[in-house]
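Trainee: If you scroll down you'll find the structure; I have some questions about it.
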There are 2 protein chains.
Amino acid sequence: MLDLAVLGLLKEGDLHGYELNKRLKSLVGGYANSYGALYPALARLERRGWVSSTAVAPDIAVDEQVTDESPRRNRRRTTRSKPGRTRKVYQITEAGEDHLLELLQEDANNERRFRLQLAFCRFLPPDRRLALFELRRAHLVSLQAMARRDPVHSNDPYVRSLFQRDQERREHDLAWLDRLIADERANRPQAPTDR
Amino acid sequence: MLDLAVLGLLKEGDLHGYELNKRLKSLVGGYANSYGALYPALARLERRGWVSSTAVAPDIAVDEQVTDESPRRNRRRTTRSKPGRTRKVYQITEAGEDHLLELLQEDANNERRFRLQLAFCRFLPPDRRLALFELRRAHLVSLQAMARRDPVHSNDPYVRSLFQRDQERREHDLAWLDRLIADERANRPQAPTDR
DNA sequence: GGTTACATGTAACTAGTTACATGATTAG
DNA sequence: CTAATCATGTAACTAGTTACATGTAACC
């Protein structure tokens, strides 16, 4: 799932790990997204040829190659302008873009995954995007039906309250998705079914 | 987290694994809760002394020891009433109940865990229960604040829609929790702060 | 001179899913 | 006789978290 997030973010522009993590936080909102998952994921993506990396020195656009005899004071002057350490900047490859398109269309039964798919669904062709929404909708409807088939057995007020919140959330979610789908259809009155 | 769910269910009454799994499904609603997690969890809980198990033969309360010469027709009659295989029925121990109380008060920053805590919070003393709700409330408020501090940067309509749904969901959740807290306070006007 | 932000990584752990293996019994 | 339900379990995998290790540089 991190793969999806990382490839999506890299499609928007090249980034290094630390920066990726910050964007991930605001994107996923409420998750930890710590480096313990991110850096290994980047290494894996690179091994599979979905991204490539370039080492970038922290001193950008600042002066000449330092000749070896330059004293420490000089060295200190050269290392200005940008923070500390050499960064590894990642860019998405062509194979990576293909893979991203696949990931964007997978499943629909996973809340977290759908969140990411939605965040990057602009990279999908309109028909695939609509298909994704419909798939998610079908899933929500089936959850809805399941909940109706066997309602709460418990008399405990806390359990009842919980299940009612669930119900309301499902309804709200479905209404929201329906608006999304309606907008999607409205913005593409093309593709006339041949007649 | 499964530990919490299993101990909570066993506190309501003794159960075997298969039955536990069914209750788990309706409780957690939308999760898989397959046996691959459940059975190892039960084994672990037993090793730690939080539950104990009893093997129960499938034929309960049904007639005499079958004498060897009884024909197949008879045998079929005897093996009625309950399905196939020997079940392992688990019951919660005293140590298990203590542990359950601890699990019910942990954290509050985990959506899934809080769901389970709420489902079994009736086992908590009223003041601990209220504390749990307040802890969760504080967490939701901090999420709310975080979201307000840095709003959506993106212009993408899908991302915007997503973040707005998040916002609405947080507000709905908070309102729901506040109702829960209000009810809780209303139902215990006792504990007069000494004066 | 200490805290925060920048920057990359590893190791151990938590939590759950998917697929497999096995076998009995029941309902159609 | 065959599909579904009951029943217990293992192995391999997916996905993410927490804690650790290390070091620079900017801010106050």
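Chain identifiers are assigned as A, B, and so on, following the order in which chains appear in the structure tokens; residues are numbered from 1 within each chain, and ligands are numbered from 1 in order of appearance.
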At a cut-off of 8 Å, which residues of chain C touch chain B? Count only C-alpha atoms (C1' of nucleotides) and give the answer as a list in words.

Mentor: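 My answer is DA15, DG16, DT17, DA24 and DT25 of chain C.
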
Trainee: If you keep all heavy atoms, can you produce a file of those selected residues as an mmCIF file, in the first residue's frame?

Mentor:
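This is the output file selection.cif:
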data_model
loop_
_atom_site.group_PDB
_atom_site.id
_atom_site.type_symbol
_atom_site.label_atom_id
_atom_site.label_comp_id
_atom_site.auth_asym_id
_atom_site.auth_seq_id
_atom_site.Cartn_x
_atom_site.Cartn_y
_atom_site.Cartn_z
ATOM 1 P P DA C 15 -0.502 -5.646 18.899
ATOM 2 O OP1 DA C 15 -1.224 -4.447 19.373
ATOM 3 O OP2 DA C 15 -0.438 -6.880 19.724
ATOM 4 O "O5'" DA C 15 -1.088 -6.046 17.484
ATOM 5 C "C5'" DA C 15 -1.303 -5.056 16.498
ATOM 6 C "C4'" DA C 15 -1.804 -5.721 15.258
ATOM 7 O "O4'" DA C 15 -0.708 -6.298 14.519
ATOM 8 C "C3'" DA C 15 -2.774 -6.875 15.516
ATOM 9 O "O3'" DA C 15 -4.031 -6.486 15.019
ATOM 10 C "C2'" DA C 15 -2.172 -8.066 14.782
ATOM 11 C "C1'" DA C 15 -1.208 -7.411 13.806
ATOM 12 N N9 DA C 15 -0.079 -8.222 13.377
ATOM 13 C C8 DA C 15 0.737 -9.002 14.148
ATOM 14 N N7 DA C 15 1.676 -9.628 13.466
ATOM 15 C C5 DA C 15 1.462 -9.222 12.163
ATOM 16 C C6 DA C 15 2.123 -9.529 10.947
ATOM 17 N N6 DA C 15 3.161 -10.348 10.862
ATOM 18 N N1 DA C 15 1.643 -8.956 9.810
ATOM 19 C C2 DA C 15 0.591 -8.137 9.899
ATOM 20 N N3 DA C 15 -0.104 -7.771 10.978
ATOM 21 C C4 DA C 15 0.388 -8.354 12.083
ATOM 22 P P DG C 16 -5.290 -7.457 15.026
ATOM 23 O OP1 DG C 16 -6.503 -6.642 15.136
ATOM 24 O OP2 DG C 16 -4.995 -8.555 15.971
ATOM 25 O "O5'" DG C 16 -5.279 -8.029 13.548
ATOM 26 C "C5'" DG C 16 -5.267 -7.092 12.465
ATOM 27 C "C4'" DG C 16 -4.928 -7.818 11.197
ATOM 28 O "O4'" DG C 16 -3.634 -8.425 11.310
ATOM 29 C "C3'" DG C 16 -5.898 -8.950 10.861
ATOM 30 O "O3'" DG C 16 -6.544 -8.603 9.649
ATOM 31 C "C2'" DG C 16 -5.009 -10.170 10.705
ATOM 32 C "C1'" DG C 16 -3.637 -9.561 10.483
ATOM 33 N N9 DG C 16 -2.538 -10.430 10.870
ATOM 34 C C8 DG C 16 -2.199 -10.879 12.125
ATOM 35 N N7 DG C 16 -1.149 -11.651 12.130
ATOM 36 C C5 DG C 16 -0.759 -11.722 10.792
ATOM 37 C C6 DG C 16 0.318 -12.407 10.176
ATOM 38 O O6 DG C 16 1.165 -13.124 10.714
ATOM 39 N N1 DG C 16 0.342 -12.193 8.798
ATOM 40 C C2 DG C 16 -0.556 -11.414 8.107
ATOM 41 N N2 DG C 16 -0.390 -11.322 6.795
ATOM 42 N N3 DG C 16 -1.561 -10.761 8.668
ATOM 43 C C4 DG C 16 -1.607 -10.960 10.007
ATOM 44 P P DT C 17 -7.627 -9.573 8.973
ATOM 45 O OP1 DT C 17 -8.688 -8.705 8.434
ATOM 46 O OP2 DT C 17 -7.962 -10.709 9.849
ATOM 47 O "O5'" DT C 17 -6.788 -10.134 7.742
ATOM 48 C "C5'" DT C 17 -5.959 -9.270 6.982
ATOM 49 C "C4'" DT C 17 -5.440 -10.011 5.761
ATOM 50 O "O4'" DT C 17 -4.295 -10.825 6.124
ATOM 51 C "C3'" DT C 17 -6.455 -10.940 5.124
ATOM 52 O "O3'" DT C 17 -6.367 -10.739 3.712
ATOM 53 C "C2'" DT C 17 -6.005 -12.343 5.583
ATOM 54 C "C1'" DT C 17 -4.499 -12.167 5.737
ATOM 55 N N1 DT C 17 -3.826 -12.986 6.794
ATOM 56 C C2 DT C 17 -2.723 -13.742 6.460
ATOM 57 O O2 DT C 17 -2.282 -13.784 5.326
ATOM 58 N N3 DT C 17 -2.138 -14.417 7.497
ATOM 59 C C4 DT C 17 -2.540 -14.417 8.819
ATOM 60 O O4 DT C 17 -1.928 -15.063 9.655
ATOM 61 C C5 DT C 17 -3.714 -13.624 9.110
ATOM 62 C C7 DT C 17 -4.227 -13.571 10.510
ATOM 63 C C6 DT C 17 -4.292 -12.951 8.101
ATOM 64 P P DA C 24 -13.272 -38.554 8.968
ATOM 65 O OP1 DA C 24 -12.647 -39.717 9.610
ATOM 66 O OP2 DA C 24 -13.617 -38.574 7.522
ATOM 67 O "O5'" DA C 24 -14.600 -38.174 9.773
ATOM 68 C "C5'" DA C 24 -14.533 -37.744 11.120
ATOM 69 C "C4'" DA C 24 -15.686 -36.796 11.374
ATOM 70 O "O4'" DA C 24 -15.467 -35.596 10.601
ATOM 71 C "C3'" DA C 24 -17.050 -37.359 10.926
ATOM 72 O "O3'" DA C 24 -17.966 -37.336 12.001
ATOM 73 C "C2'" DA C 24 -17.492 -36.445 9.803
ATOM 74 C "C1'" DA C 24 -16.691 -35.175 10.029
ATOM 75 N N9 DA C 24 -16.393 -34.478 8.782
ATOM 76 C C8 DA C 24 -15.540 -34.874 7.791
ATOM 77 N N7 DA C 24 -15.474 -34.035 6.783
ATOM 78 C C5 DA C 24 -16.351 -33.018 7.129
ATOM 79 C C6 DA C 24 -16.737 -31.825 6.487
ATOM 80 N N6 DA C 24 -16.268 -31.446 5.305
ATOM 81 N N1 DA C 24 -17.630 -31.035 7.108
ATOM 82 C C2 DA C 24 -18.099 -31.414 8.305
ATOM 83 N N3 DA C 24 -17.808 -32.502 9.017
ATOM 84 C C4 DA C 24 -16.916 -33.269 8.369
ATOM 85 P P DT C 25 -19.316 -38.150 11.898
ATOM 86 O OP1 DT C 25 -19.265 -39.150 12.965
ATOM 87 O OP2 DT C 25 -19.541 -38.574 10.485
ATOM 88 O "O5'" DT C 25 -20.469 -37.076 12.251
ATOM 89 C "C5'" DT C 25 -20.178 -35.686 12.406
ATOM 90 C "C4'" DT C 25 -21.200 -34.858 11.650
ATOM 91 O "O4'" DT C 25 -20.625 -34.331 10.419
ATOM 92 C "C3'" DT C 25 -22.496 -35.561 11.242
ATOM 93 O "O3'" DT C 25 -23.566 -34.767 11.736
ATOM 94 C "C2'" DT C 25 -22.441 -35.568 9.708
ATOM 95 C "C1'" DT C 25 -21.635 -34.306 9.444
ATOM 96 N N1 DT C 25 -20.936 -34.164 8.125
ATOM 97 C C2 DT C 25 -21.152 -33.025 7.383
ATOM 98 O O2 DT C 25 -21.900 -32.124 7.755
ATOM 99 N N3 DT C 25 -20.462 -32.956 6.201
ATOM 100 C C4 DT C 25 -19.594 -33.912 5.680
ATOM 101 O O4 DT C 25 -19.034 -33.739 4.606
ATOM 102 C C5 DT C 25 -19.415 -35.095 6.498
ATOM 103 C C7 DT C 25 -18.519 -36.172 6.041
ATOM 104 C C6 DT C 25 -20.090 -35.164 7.675
#

Trainee: After least-squares alignment of chain B to chain A over all Cα atoms in order, what RMSD do you get?

Mentor: 1.0 Å

Trainee: Could you please select, counting only C-alpha atoms (C1' of nucleotides), the residues of chain D within 12 Å of chain B and state them as number ranges by chain?

Mentor: D: 5-13

Trainee: Restrict the distance test to only C-alpha atoms, flag each residue of chain A within 9 Å of chain B, and return the flagged residues as a VMD selection string.

Mentor: chain A and resid 26 to 27 29 to 30 109 115 118 to 122 143 146 to 147 150 to 152 156 to 163 165 169 172 to 173 176 180

Trainee: Using the selection just defined, write its residues with N, CA, C and O atoms as a short mmCIF file (atom, residue, chain, number, x, y, z; two decimals), in the first residue's frame.

Mentor:
data_model
loop_
_atom_site.label_atom_id
_atom_site.label_comp_id
_atom_site.auth_asym_id
_atom_site.auth_seq_id
_atom_site.Cartn_x
_atom_site.Cartn_y
_atom_site.Cartn_z
N SER A 26 0.57 14.03 5.68
CA SER A 26 -0.59 14.90 5.44
C SER A 26 -1.60 14.19 4.53
O SER A 26 -2.79 14.45 4.59
N LEU A 27 -1.11 13.27 3.73
CA LEU A 27 -2.00 12.57 2.81
C LEU A 27 -2.83 11.53 3.54
O LEU A 27 -4.04 11.40 3.34
N GLY A 29 -2.95 11.15 6.92
CA GLY A 29 -3.57 11.83 8.04
C GLY A 29 -4.00 10.97 9.21
O GLY A 29 -5.09 10.42 9.21
N GLY A 30 -3.17 10.86 10.21
CA GLY A 30 -3.55 10.07 11.36
C GLY A 30 -2.76 8.79 11.46
O GLY A 30 -2.80 8.09 12.45
N ASN A 109 -12.08 -3.24 -1.61
CA ASN A 109 -12.59 -3.69 -0.32
C ASN A 109 -11.71 -3.25 0.84
O ASN A 109 -11.90 -3.66 1.96
N ARG A 115 -8.56 4.98 -0.13
CA ARG A 115 -8.17 6.35 0.18
C ARG A 115 -7.01 6.81 -0.70
O ARG A 115 -7.03 7.89 -1.28
N LEU A 118 -8.02 7.04 -4.42
CA LEU A 118 -8.75 8.26 -4.69
C LEU A 118 -7.79 9.45 -4.78
O LEU A 118 -7.94 10.34 -5.63
N ALA A 119 -6.81 9.45 -3.91
CA ALA A 119 -5.86 10.56 -3.87
C ALA A 119 -5.07 10.68 -5.18
O ALA A 119 -4.58 11.75 -5.52
N PHE A 120 -4.96 9.56 -5.91
CA PHE A 120 -4.17 9.59 -7.15
C PHE A 120 -4.98 9.18 -8.37
O PHE A 120 -4.40 8.93 -9.44
N CYS A 121 -6.28 9.09 -8.24
CA CYS A 121 -7.10 8.57 -9.34
C CYS A 121 -7.10 9.50 -10.54
O CYS A 121 -7.53 9.11 -11.63
N ARG A 122 -6.60 10.72 -10.38
CA ARG A 122 -6.52 11.64 -11.52
C ARG A 122 -5.57 11.10 -12.59
O ARG A 122 -5.62 11.53 -13.73
N LEU A 143 -21.57 -4.31 2.18
CA LEU A 143 -21.41 -4.16 3.63
C LEU A 143 -22.74 -3.77 4.27
O LEU A 143 -23.14 -4.32 5.30
N MET A 146 -25.02 -6.69 4.40
CA MET A 146 -24.58 -7.63 5.43
C MET A 146 -25.06 -7.17 6.80
O MET A 146 -25.54 -7.96 7.60
N ALA A 147 -24.89 -5.89 7.05
CA ALA A 147 -25.28 -5.32 8.34
C ALA A 147 -26.79 -5.43 8.55
O ALA A 147 -27.26 -5.67 9.65
N ASP A 150 -27.96 -9.38 9.40
CA ASP A 150 -28.00 -9.68 10.83
C ASP A 150 -27.68 -8.45 11.67
O ASP A 150 -26.52 -8.08 11.83
N PRO A 151 -28.74 -7.86 12.21
CA PRO A 151 -28.59 -6.64 13.02
C PRO A 151 -28.01 -6.96 14.41
O PRO A 151 -27.79 -8.14 14.73
N VAL A 152 -27.80 -5.95 15.19
CA VAL A 152 -27.21 -6.12 16.53
C VAL A 152 -28.04 -7.07 17.37
O VAL A 152 -29.25 -6.92 17.48
N ASP A 156 -26.65 -4.27 25.04
CA ASP A 156 -25.74 -3.31 25.66
C ASP A 156 -25.81 -1.97 24.94
O ASP A 156 -25.66 -1.90 23.72
N PRO A 157 -26.04 -0.88 25.69
CA PRO A 157 -26.21 0.43 25.05
C PRO A 157 -24.96 0.88 24.29
O PRO A 157 -25.09 1.54 23.25
N TYR A 158 -23.78 0.51 24.78
CA TYR A 158 -22.54 0.92 24.11
C TYR A 158 -22.40 0.23 22.77
O TYR A 158 -22.03 0.84 21.77
N VAL A 159 -22.69 -1.05 22.75
CA VAL A 159 -22.63 -1.80 21.51
C VAL A 159 -23.66 -1.26 20.51
O VAL A 159 -23.37 -1.06 19.33
N ARG A 160 -24.84 -0.99 21.03
CA ARG A 160 -25.89 -0.46 20.15
C ARG A 160 -25.48 0.88 19.55
O ARG A 160 -25.65 1.14 18.36
N SER A 161 -24.93 1.72 20.39
CA SER A 161 -24.49 3.04 19.93
C SER A 161 -23.42 2.90 18.85
O SER A 161 -23.44 3.60 17.83
N LEU A 162 -22.51 1.97 19.07
CA LEU A 162 -21.44 1.70 18.13
C LEU A 162 -21.98 1.29 16.77
O LEU A 162 -21.57 1.80 15.73
N PHE A 163 -22.93 0.38 16.81
CA PHE A 163 -23.47 -0.14 15.56
C PHE A 163 -24.29 0.91 14.84
O PHE A 163 -24.33 0.93 13.61
N ARG A 165 -23.63 4.14 14.95
CA ARG A 165 -22.64 5.02 14.33
C ARG A 165 -22.14 4.40 13.03
O ARG A 165 -22.00 5.08 12.01
N ARG A 169 -22.33 6.04 9.38
CA ARG A 169 -21.11 6.28 8.63
C ARG A 169 -21.21 5.65 7.24
O ARG A 169 -20.82 6.26 6.25
N HIS A 172 -23.48 7.81 5.12
CA HIS A 172 -22.81 9.06 4.75
C HIS A 172 -21.79 8.81 3.65
O HIS A 172 -21.70 9.56 2.68
N ASP A 173 -21.04 7.74 3.81
CA ASP A 173 -20.02 7.36 2.85
C ASP A 173 -20.61 7.09 1.48
O ASP A 173 -20.07 7.49 0.46
N TRP A 176 -21.73 10.23 -0.20
CA TRP A 176 -20.56 10.95 -0.67
C TRP A 176 -20.04 10.34 -1.98
O TRP A 176 -19.76 11.05 -2.95
N LEU A 180 -19.71 11.79 -5.88
CA LEU A 180 -18.48 11.69 -6.65
C LEU A 180 -18.76 11.07 -8.02
O LEU A 180 -18.26 11.55 -9.05
#

Trainee: With DSSP run on the backbone, what are the strand (DSSP E) residues within region 1-190 of chain B? I'd like them as number ranges by chain.

Mentor: B: 15-16, 51-56, 87-92

Trainee: Run DSSP on the backbone and give me the residues of region 6-182 of chain B it puts in alpha helix (DSSP H), as an MDAnalysis selection string.

Mentor: chainID B and resid 6:12 17:28 35:47 72:78 94:103 111:120 126:149 157:182

Trainee: What is the CA of Ala186 (chain A) to CA of Pro126 (chain A) distance in Å?

Mentor: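 We find that CA of Ala186 (chain A) and CA of Pro126 (chain A) lie 11.7 Å from each other.
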
Trainee: Find the residues around Gly96 (chain B) up to 9 Å (only C-alpha atoms (C1' of nucleotides) counted), leave out those fewer than 5 positions away in its own chain, and share them as an MDAnalysis selection string.

Mentor: chainID B and resid 7 11 45 48:51 101

Trainee: Write out as a PDB file with all heavy atoms, in the first residue's frame which residues come within 12 Å of DA11 (chain C) when counting only C-alpha atoms (C1' of nucleotides), dropping same-chain ones fewer than 3 positions away.

Mentor:
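Final output, result_14.pdb:
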ATOM      1  N   GLY A  36      10.663   3.523   9.279  1.00  0.00           N
ATOM      2  CA  GLY A  36      10.867   2.077   9.335  1.00  0.00           C
ATOM      3  C   GLY A  36      10.127   1.328   8.252  1.00  0.00           C
ATOM      4  O   GLY A  36      10.477   0.200   7.912  1.00  0.00           O
TER       5      GLY A  36
ATOM      6  P    DT D  18       3.566   3.147  17.043  1.00  0.00           P
ATOM      7  OP1  DT D  18       2.620   3.163  18.176  1.00  0.00           O
ATOM      8  OP2  DT D  18       3.845   4.362  16.262  1.00  0.00           O
ATOM      9  O5'  DT D  18       4.955   2.596  17.601  1.00  0.00           O
ATOM     10  C5'  DT D  18       5.071   1.230  17.957  1.00  0.00           C
ATOM     11  C4'  DT D  18       6.378   0.995  18.671  1.00  0.00           C
ATOM     12  O4'  DT D  18       7.358   0.471  17.741  1.00  0.00           O
ATOM     13  C3'  DT D  18       7.022   2.230  19.306  1.00  0.00           C
ATOM     14  O3'  DT D  18       7.530   1.813  20.573  1.00  0.00           O
ATOM     15  C2'  DT D  18       8.114   2.634  18.308  1.00  0.00           C
ATOM     16  C1'  DT D  18       8.511   1.284  17.711  1.00  0.00           C
ATOM     17  N1   DT D  18       8.957   1.273  16.275  1.00  0.00           N
ATOM     18  C2   DT D  18       9.907   0.354  15.901  1.00  0.00           C
ATOM     19  O2   DT D  18      10.426  -0.427  16.681  1.00  0.00           O
ATOM     20  N3   DT D  18      10.233   0.379  14.559  1.00  0.00           N
ATOM     21  C4   DT D  18       9.712   1.210  13.593  1.00  0.00           C
ATOM     22  O4   DT D  18      10.088   1.121  12.433  1.00  0.00           O
ATOM     23  C5   DT D  18       8.701   2.145  14.053  1.00  0.00           C
ATOM     24  C7   DT D  18       8.073   3.085  13.070  1.00  0.00           C
ATOM     25  C6   DT D  18       8.382   2.128  15.353  1.00  0.00           C
ATOM     26  P    DA D  19       8.345   2.883  21.518  1.00  0.00           P
ATOM     27  OP1  DA D  19       7.976   2.552  22.917  1.00  0.00           O
ATOM     28  OP2  DA D  19       8.202   4.266  21.013  1.00  0.00           O
ATOM     29  O5'  DA D  19       9.864   2.409  21.284  1.00  0.00           O
ATOM     30  C5'  DA D  19      10.147   1.028  21.112  1.00  0.00           C
ATOM     31  C4'  DA D  19      11.620   0.857  20.785  1.00  0.00           C
ATOM     32  O4'  DA D  19      11.819   0.876  19.346  1.00  0.00           O
ATOM     33  C3'  DA D  19      12.528   1.949  21.352  1.00  0.00           C
ATOM     34  O3'  DA D  19      13.694   1.316  21.863  1.00  0.00           O
ATOM     35  C2'  DA D  19      12.846   2.821  20.137  1.00  0.00           C
ATOM     36  C1'  DA D  19      12.873   1.766  19.036  1.00  0.00           C
ATOM     37  N9   DA D  19      12.643   2.274  17.677  1.00  0.00           N
ATOM     38  C8   DA D  19      11.757   3.243  17.275  1.00  0.00           C
ATOM     39  N7   DA D  19      11.786   3.473  15.969  1.00  0.00           N
ATOM     40  C5   DA D  19      12.748   2.592  15.492  1.00  0.00           C
ATOM     41  C6   DA D  19      13.254   2.337  14.204  1.00  0.00           C
ATOM     42  N6   DA D  19      12.840   2.969  13.110  1.00  0.00           N
ATOM     43  N1   DA D  19      14.220   1.393  14.086  1.00  0.00           N
ATOM     44  C2   DA D  19      14.639   0.756  15.192  1.00  0.00           C
ATOM     45  N3   DA D  19      14.239   0.905  16.456  1.00  0.00           N
ATOM     46  C4   DA D  19      13.286   1.849  16.539  1.00  0.00           C
ATOM     47  P    DC D  20      14.859   2.204  22.607  1.00  0.00           P
ATOM     48  OP1  DC D  20      15.279   1.425  23.782  1.00  0.00           O
ATOM     49  OP2  DC D  20      14.439   3.609  22.731  1.00  0.00           O
ATOM     50  O5'  DC D  20      16.034   2.126  21.523  1.00  0.00           O
ATOM     51  C5'  DC D  20      16.493   0.840  21.115  1.00  0.00           C
ATOM     52  C4'  DC D  20      17.348   0.989  19.881  1.00  0.00           C
ATOM     53  O4'  DC D  20      16.579   1.572  18.810  1.00  0.00           O
ATOM     54  C3'  DC D  20      18.572   1.904  20.054  1.00  0.00           C
ATOM     55  O3'  DC D  20      19.741   1.118  19.901  1.00  0.00           O
ATOM     56  C2'  DC D  20      18.430   2.959  18.961  1.00  0.00           C
ATOM     57  C1'  DC D  20      17.462   2.293  17.981  1.00  0.00           C
ATOM     58  N1   DC D  20      16.648   3.230  17.148  1.00  0.00           N
ATOM     59  C2   DC D  20      16.839   3.236  15.760  1.00  0.00           C
ATOM     60  O2   DC D  20      17.684   2.486  15.264  1.00  0.00           O
ATOM     61  N3   DC D  20      16.096   4.070  14.997  1.00  0.00           N
ATOM     62  C4   DC D  20      15.187   4.877  15.572  1.00  0.00           C
ATOM     63  N4   DC D  20      14.473   5.667  14.778  1.00  0.00           N
ATOM     64  C5   DC D  20      14.975   4.882  16.974  1.00  0.00           C
ATOM     65  C6   DC D  20      15.728   4.053  17.730  1.00  0.00           C
ATOM     66  P    DA D  21      21.134   1.735  20.443  1.00  0.00           P
ATOM     67  OP1  DA D  21      21.989   0.578  20.853  1.00  0.00           O
ATOM     68  OP2  DA D  21      20.870   2.854  21.378  1.00  0.00           O
ATOM     69  O5'  DA D  21      21.712   2.345  19.087  1.00  0.00           O
ATOM     70  C5'  DA D  21      21.885   1.520  17.947  1.00  0.00           C
ATOM     71  C4'  DA D  21      22.465   2.364  16.834  1.00  0.00           C
ATOM     72  O4'  DA D  21      21.373   2.979  16.083  1.00  0.00           O
ATOM     73  C3'  DA D  21      23.348   3.520  17.302  1.00  0.00           C
ATOM     74  O3'  DA D  21      24.620   3.390  16.706  1.00  0.00           O
ATOM     75  C2'  DA D  21      22.616   4.779  16.855  1.00  0.00           C
ATOM     76  C1'  DA D  21      21.778   4.267  15.693  1.00  0.00           C
ATOM     77  N9   DA D  21      20.566   5.048  15.415  1.00  0.00           N
ATOM     78  C8   DA D  21      19.633   5.480  16.320  1.00  0.00           C
ATOM     79  N7   DA D  21      18.649   6.174  15.784  1.00  0.00           N
ATOM     80  C5   DA D  21      18.961   6.207  14.428  1.00  0.00           C
ATOM     81  C6   DA D  21      18.321   6.788  13.316  1.00  0.00           C
ATOM     82  N6   DA D  21      17.189   7.476  13.389  1.00  0.00           N
ATOM     83  N1   DA D  21      18.904   6.633  12.096  1.00  0.00           N
ATOM     84  C2   DA D  21      20.046   5.946  12.021  1.00  0.00           C
ATOM     85  N3   DA D  21      20.740   5.346  12.993  1.00  0.00           N
ATOM     86  C4   DA D  21      20.135   5.514  14.189  1.00  0.00           C
TER      87       DA D  21
END
